[in-house]
$ cat data.pdb   # PDB, C-alpha atoms
MODEL        1
ATOM      1  CA  MET A   1     203.841 -57.185 -52.680
ATOM      2  CA  LEU A   2     204.473 -60.480 -50.955
ATOM      3  CA  GLY A   3     206.082 -60.843 -47.553
ATOM      4  CA  ILE A   4     207.894 -64.060 -46.825
ATOM      5  CA  SER A   5     209.466 -65.482 -43.683
ATOM      6  CA  VAL A   6     210.046 -68.775 -41.949
ATOM      7  CA  ASP A   7     207.249 -68.075 -39.467
ATOM      8  CA  SER A   8     204.227 -70.335 -39.311
ATOM      9  CA  ALA A   9     201.029 -69.189 -41.026
ATOM     10  CA  PRO A  10     199.239 -68.563 -37.679
ATOM     11  CA  ALA A  11     202.132 -66.378 -36.467
ATOM     12  CA  ASN A  12     201.958 -64.443 -39.734
ATOM     13  CA  LYS A  13     198.220 -63.980 -39.293
ATOM     14  CA  VAL A  14     198.676 -62.366 -35.901
ATOM     15  CA  PHE A  15     201.560 -60.268 -37.229
ATOM     16  CA  ALA A  16     199.476 -59.068 -40.195
ATOM     17  CA  GLU A  17     196.530 -58.216 -37.953
ATOM     18  CA  GLN A  18     198.618 -56.380 -35.386
ATOM     19  CA  ASN A  19     200.314 -54.322 -38.061
ATOM     20  CA  GLY A  20     197.349 -53.860 -40.346
ATOM     21  CA  LEU A  21     199.147 -55.498 -43.283
ATOM     22  CA  LYS A  22     196.980 -56.083 -46.323
ATOM     23  CA  PHE A  23     199.382 -58.072 -48.472
ATOM     24  CA  PRO A  24     199.982 -61.824 -48.246
ATOM     25  CA  LEU A  25     202.575 -62.982 -45.741
ATOM     26  CA  LEU A  26     203.909 -66.299 -46.917
ATOM     27  CA  SER A  27     205.150 -68.974 -44.595
ATOM     28  CA  ASP A  28     208.352 -70.676 -45.728
ATOM     29  CA  PHE A  29     208.313 -72.995 -42.778
ATOM     30  CA  GLN A  30     210.427 -75.607 -44.592
ATOM     31  CA  ARG A  31     212.968 -72.933 -45.559
ATOM     32  CA  THR A  32     213.117 -74.280 -49.101
ATOM     33  CA  VAL A  33     212.309 -70.973 -50.783
ATOM     34  CA  SER A  34     214.638 -68.964 -48.540
ATOM     35  CA  LYS A  35     217.365 -71.404 -49.453
ATOM     36  CA  GLU A  36     216.590 -71.268 -53.133
ATOM     37  CA  TYR A  37     216.772 -67.478 -53.127
ATOM     38  CA  GLY A  38     220.053 -67.614 -51.244
ATOM     39  CA  VAL A  39     218.793 -65.677 -48.247
ATOM     40  CA  LEU A  40     218.700 -68.434 -45.635
ATOM     41  CA  ASN A  41     220.966 -67.862 -42.683
ATOM     42  CA  GLU A  42     221.968 -71.501 -42.163
ATOM     43  CA  GLU A  43     223.491 -70.816 -38.781
ATOM     44  CA  LYS A  44     220.413 -69.226 -37.279
ATOM     45  CA  GLY A  45     217.831 -71.029 -39.400
ATOM     46  CA  PHE A  46     215.920 -68.009 -40.620
ATOM     47  CA  ALA A  47     215.882 -65.873 -43.722
ATOM     48  CA  ASN A  48     218.019 -62.769 -43.844
ATOM     49  CA  ARG A  49     216.278 -59.618 -44.861
ATOM     50  CA  ALA A  50     216.119 -59.230 -48.622
ATOM     51  CA  THR A  51     213.878 -57.691 -51.256
ATOM     52  CA  PHE A  52     213.518 -59.023 -54.789
ATOM     53  CA  VAL A  53     211.645 -57.173 -57.511
ATOM     54  CA  ILE A  54     210.350 -59.634 -60.113
ATOM     55  CA  ASP A  55     208.899 -58.459 -63.409
ATOM     56  CA  LYS A  56     205.898 -59.869 -65.228
ATOM     57  CA  ASN A  57     208.116 -62.252 -67.155
ATOM     58  CA  GLY A  58     209.400 -63.800 -63.960
ATOM     59  CA  ALA A  59     212.844 -62.207 -64.236
ATOM     60  CA  ILE A  60     214.548 -60.631 -61.257
ATOM     61  CA  GLN A  61     214.975 -56.895 -61.835
ATOM     62  CA  HIS A  62     216.297 -55.699 -58.524
ATOM     63  CA  ILE A  63     217.795 -57.183 -55.358
ATOM     64  CA  ASP A  64     218.357 -55.546 -51.979
ATOM     65  CA  LYS A  65     219.982 -57.541 -49.222
ATOM     66  CA  ASP A  66     220.487 -57.083 -45.496
ATOM     67  CA  LYS A  67     220.674 -53.432 -44.483
ATOM     68  CA  ASP A  68     219.893 -52.224 -47.990
ATOM     69  CA  ALA A  69     216.571 -54.023 -47.782
ATOM     70  CA  LEU A  70     215.526 -51.874 -44.816
ATOM     71  CA  ASP A  71     215.307 -48.898 -47.121
ATOM     72  CA  PRO A  72     212.600 -49.493 -49.726
ATOM     73  CA  THR A  73     213.845 -46.726 -52.036
ATOM     74  CA  GLY A  74     215.743 -49.042 -54.337
ATOM     75  CA  ALA A  75     212.857 -51.476 -54.661
ATOM     76  CA  GLN A  76     210.415 -48.615 -55.225
ATOM     77  CA  GLN A  77     212.568 -47.185 -57.984
ATOM     78  CA  ALA A  78     212.807 -50.594 -59.614
ATOM     79  CA  CYS A  79     209.026 -50.914 -59.427
ATOM     80  CA  SER A  80     208.314 -47.557 -60.944
ATOM     81  CA  LEU A  81     210.767 -48.309 -63.752
ATOM     82  CA  LEU A  82     208.807 -51.492 -64.452
ATOM     83  CA  GLU A  83     205.517 -49.618 -64.323
ATOM     84  CA  HIS A  84     206.741 -47.130 -66.895
ATOM     85  CA  LYS A  85     208.116 -49.880 -69.065
ATOM     86  CA  LYS A  86     204.801 -51.640 -69.420
ATOM     87  CA  GLU A  87     202.997 -51.137 -72.714
TER
ATOM     88  CA  MET B   1     219.302 -73.576 -94.907
ATOM     89  CA  GLN B   2     216.299 -74.824 -93.045
ATOM     90  CA  ARG B   3     218.366 -77.581 -91.544
ATOM     91  CA  ARG B   4     220.852 -75.059 -90.281
ATOM     92  CA  ILE B   5     218.088 -73.072 -88.610
ATOM     93  CA  ARG B   6     216.796 -76.183 -86.958
ATOM     94  CA  ARG B   7     220.243 -77.084 -85.722
ATOM     95  CA  THR B   8     220.705 -73.594 -84.305
ATOM     96  CA  ALA B   9     217.381 -73.840 -82.528
ATOM     97  CA  MET B  10     218.366 -77.183 -81.035
ATOM     98  CA  ALA B  11     221.679 -75.800 -79.848
ATOM     99  CA  ALA B  12     219.876 -72.876 -78.248
ATOM    100  CA  GLY B  13     217.523 -75.306 -76.533
ATOM    101  CA  ALA B  14     220.421 -77.364 -75.190
ATOM    102  CA  LEU B  15     222.117 -74.205 -73.973
ATOM    103  CA  ALA B  16     218.947 -73.125 -72.194
ATOM    104  CA  LEU B  17     218.750 -76.516 -70.497
ATOM    105  CA  ALA B  18     222.383 -76.308 -69.420
ATOM    106  CA  LEU B  19     221.893 -72.800 -68.065
ATOM    107  CA  GLY B  20     218.759 -73.923 -66.267
ATOM    108  CA  SER B  21     220.514 -76.707 -64.414
ATOM    109  CA  ALA B  22     223.467 -74.452 -63.661
ATOM    110  CA  ALA B  23     221.041 -71.983 -62.125
ATOM    111  CA  SER B  24     219.510 -74.552 -59.814
ATOM    112  CA  ALA B  25     222.942 -75.895 -58.899
ATOM    113  CA  ARG B  26     224.189 -72.541 -57.663
ATOM    114  CA  ALA B  27     220.961 -71.862 -55.832
ATOM    115  CA  ALA B  28     222.569 -69.553 -53.327
ATOM    116  CA  GLY B  29     223.420 -66.786 -55.747
ATOM    117  CA  LEU B  30     220.586 -65.180 -57.684
ATOM    118  CA  SER B  31     221.408 -62.066 -59.665
ATOM    119  CA  VAL B  32     219.496 -59.426 -61.534
ATOM    120  CA  GLY B  33     218.268 -60.881 -64.830
ATOM    121  CA  ASP B  34     217.913 -64.396 -63.448
ATOM    122  CA  LYS B  35     214.581 -66.118 -63.565
ATOM    123  CA  ALA B  36     212.962 -66.030 -60.137
ATOM    124  CA  PRO B  37     212.545 -69.592 -58.845
ATOM    125  CA  ASP B  38     208.869 -70.490 -58.681
ATOM    126  CA  PHE B  39     207.269 -71.547 -55.419
ATOM    127  CA  THR B  40     203.909 -72.176 -53.805
ATOM    128  CA  LEU B  41     203.526 -71.177 -50.164
ATOM    129  CA  PRO B  42     200.611 -70.668 -47.784
ATOM    130  CA  ASP B  43     199.732 -67.113 -46.747
ATOM    131  CA  GLN B  44     198.451 -66.076 -43.321
ATOM    132  CA  ASN B  45     194.881 -66.979 -44.289
ATOM    133  CA  GLY B  46     195.665 -70.434 -45.573
ATOM    134  CA  ASN B  47     195.542 -69.505 -49.264
ATOM    135  CA  ARG B  48     198.222 -71.058 -51.418
ATOM    136  CA  VAL B  49     200.139 -68.394 -53.300
ATOM    137  CA  LYS B  50     202.069 -69.385 -56.395
ATOM    138  CA  LEU B  51     204.662 -67.008 -57.787
ATOM    139  CA  SER B  52     204.056 -68.072 -61.382
ATOM    140  CA  ASP B  53     200.378 -67.113 -61.049
ATOM    141  CA  PHE B  54     201.554 -63.506 -61.361
ATOM    142  CA  LEU B  55     203.358 -64.182 -64.665
ATOM    143  CA  GLY B  56     202.155 -61.854 -67.377
ATOM    144  CA  LYS B  57     199.911 -60.038 -64.907
ATOM    145  CA  LYS B  58     201.807 -58.271 -62.183
ATOM    146  CA  ASN B  59     205.260 -57.311 -61.097
ATOM    147  CA  VAL B  60     206.023 -58.810 -57.700
ATOM    148  CA  VAL B  61     207.976 -57.386 -54.789
ATOM    149  CA  LEU B  62     209.123 -60.322 -52.720
ATOM    150  CA  ALA B  63     210.225 -59.169 -49.283
ATOM    151  CA  PHE B  64     212.006 -61.665 -47.055
ATOM    152  CA  TYR B  65     211.860 -60.564 -43.448
ATOM    153  CA  VAL B  66     213.488 -62.006 -40.427
ATOM    154  CA  LEU B  67     210.902 -63.036 -37.884
ATOM    155  CA  ALA B  68     207.439 -61.679 -37.260
ATOM    156  CA  PHE B  69     208.036 -60.977 -33.593
ATOM    157  CA  THR B  70     211.450 -59.440 -33.498
ATOM    158  CA  GLY B  71     210.459 -55.983 -34.641
ATOM    159  CA  GLY B  72     212.159 -56.932 -37.862
TER
ENDMDL
END

$ encode --input "data.pdb" --output "structure tokens"
Amino acid sequence: MLGISVDSAPANKVFAEQNGLKFPLLSDFQRTVSKEYGVLNEEKGFANRATFVIDKNGAIQHIDKDKDALDPTGAQQACSLLEHKKE
Amino acid sequence: MQRRIRRTAMAAGALALALGSAASARAAGLSVGDKAPDFTLPDQNGNRVKLSDFLGKKNVVLAFYVLAFTGG
């Protein structure tokens, strides 16, 4: 699990501490990754909400965008499918 | 026969290259089955996290969120 936003690393540190998050929160301050994944809201300058599930081979297996990404069910299902697929 | 195999392999390689550049050209539209673009970004503790470091080891859930202080 990796979180990613356009926040600075120090802002992410406070956010992680306040919310007790144990996974890495990545800072895409330059917006290059958000842009590359097609989730950058050019008008507002931040990344829209989106969840990508990426398998061990680096292939995208599931995408949730905007409101869909609020509900983790789809991503969880994609993950458990991948778990079962392994070996 | 062997020559034909080699030619096929070369064609496949050229196709892969063409697809690769097409993928980076239409950066704004990733779909299921596409290769996830690699990146290296700093986490909240200053560690550099590289997506391709997880290759062959772990599945990754990459969650883009809006802003840390908007309740989002």

$ resolve_selection --input "data.pdb" --expression "the PyMOL selection byres ((chain A) within 6 of (chain B))" --output "CSV table (one decimal) with C-alpha atoms, in the frame of the given file"
chain,number,residue,atom,x,y,z
A,1,MET,CA,203.8,-57.2,-52.7
A,2,LEU,CA,204.5,-60.5,-51.0
A,3,GLY,CA,206.1,-60.8,-47.6
A,4,ILE,CA,207.9,-64.1,-46.8
A,5,SER,CA,209.5,-65.5,-43.7
A,9,ALA,CA,201.0,-69.2,-41.0
A,12,ASN,CA,202.0,-64.4,-39.7
A,13,LYS,CA,198.2,-64.0,-39.3
A,24,PRO,CA,200.0,-61.8,-48.2
A,25,LEU,CA,202.6,-63.0,-45.7
A,26,LEU,CA,203.9,-66.3,-46.9
A,27,SER,CA,205.2,-69.0,-44.6
A,36,GLU,CA,216.6,-71.3,-53.1
A,38,GLY,CA,220.1,-67.6,-51.2
A,47,ALA,CA,215.9,-65.9,-43.7
A,48,ASN,CA,218.0,-62.8,-43.8
A,49,ARG,CA,216.3,-59.6,-44.9
A,50,ALA,CA,216.1,-59.2,-48.6
A,51,THR,CA,213.9,-57.7,-51.3
A,52,PHE,CA,213.5,-59.0,-54.8
A,53,VAL,CA,211.6,-57.2,-57.5
A,54,ILE,CA,210.4,-59.6,-60.1
A,55,ASP,CA,208.9,-58.5,-63.4
A,56,LYS,CA,205.9,-59.9,-65.2
A,57,ASN,CA,208.1,-62.3,-67.2
A,58,GLY,CA,209.4,-63.8,-64.0
A,59,ALA,CA,212.8,-62.2,-64.2
A,60,ILE,CA,214.5,-60.6,-61.3
A,61,GLN,CA,215.0,-56.9,-61.8
A,62,HIS,CA,216.3,-55.7,-58.5

$ resolve_selection --input "data.pdb" --expression "the PyMOL selection byres ((chain A and resi 74) around 12)" --output "list of chain:residue names"
A:Ala50, A:Thr51, A:Phe52, A:Val53, A:Gln61, A:His62, A:Ile63, A:Asp64, A:Lys65, A:Lys67, A:Asp68, A:Ala69, A:Leu70, A:Asp71, A:Pro72, A:Thr73, A:Ala75, A:Gln76, A:Gln77, A:Ala78, A:Cys79, A:Ser80, A:Leu81, B:Val61

$ atom_distance --input "data.pdb" --atom1 "CA of Lys35 (chain A)" --atom2 "CA of Lys50 (chain B)"
16.9 Å

$ axis_aligned_box --input "data.pdb" --around "region 62-65 of chain B" --padding-each-side "3 Å" --output "JSON"
{"center_x": 210.6, "center_y": -60.4, "center_z": -48.1, "size_x": 8.9, "size_y": 8.5, "size_z": 15.3}
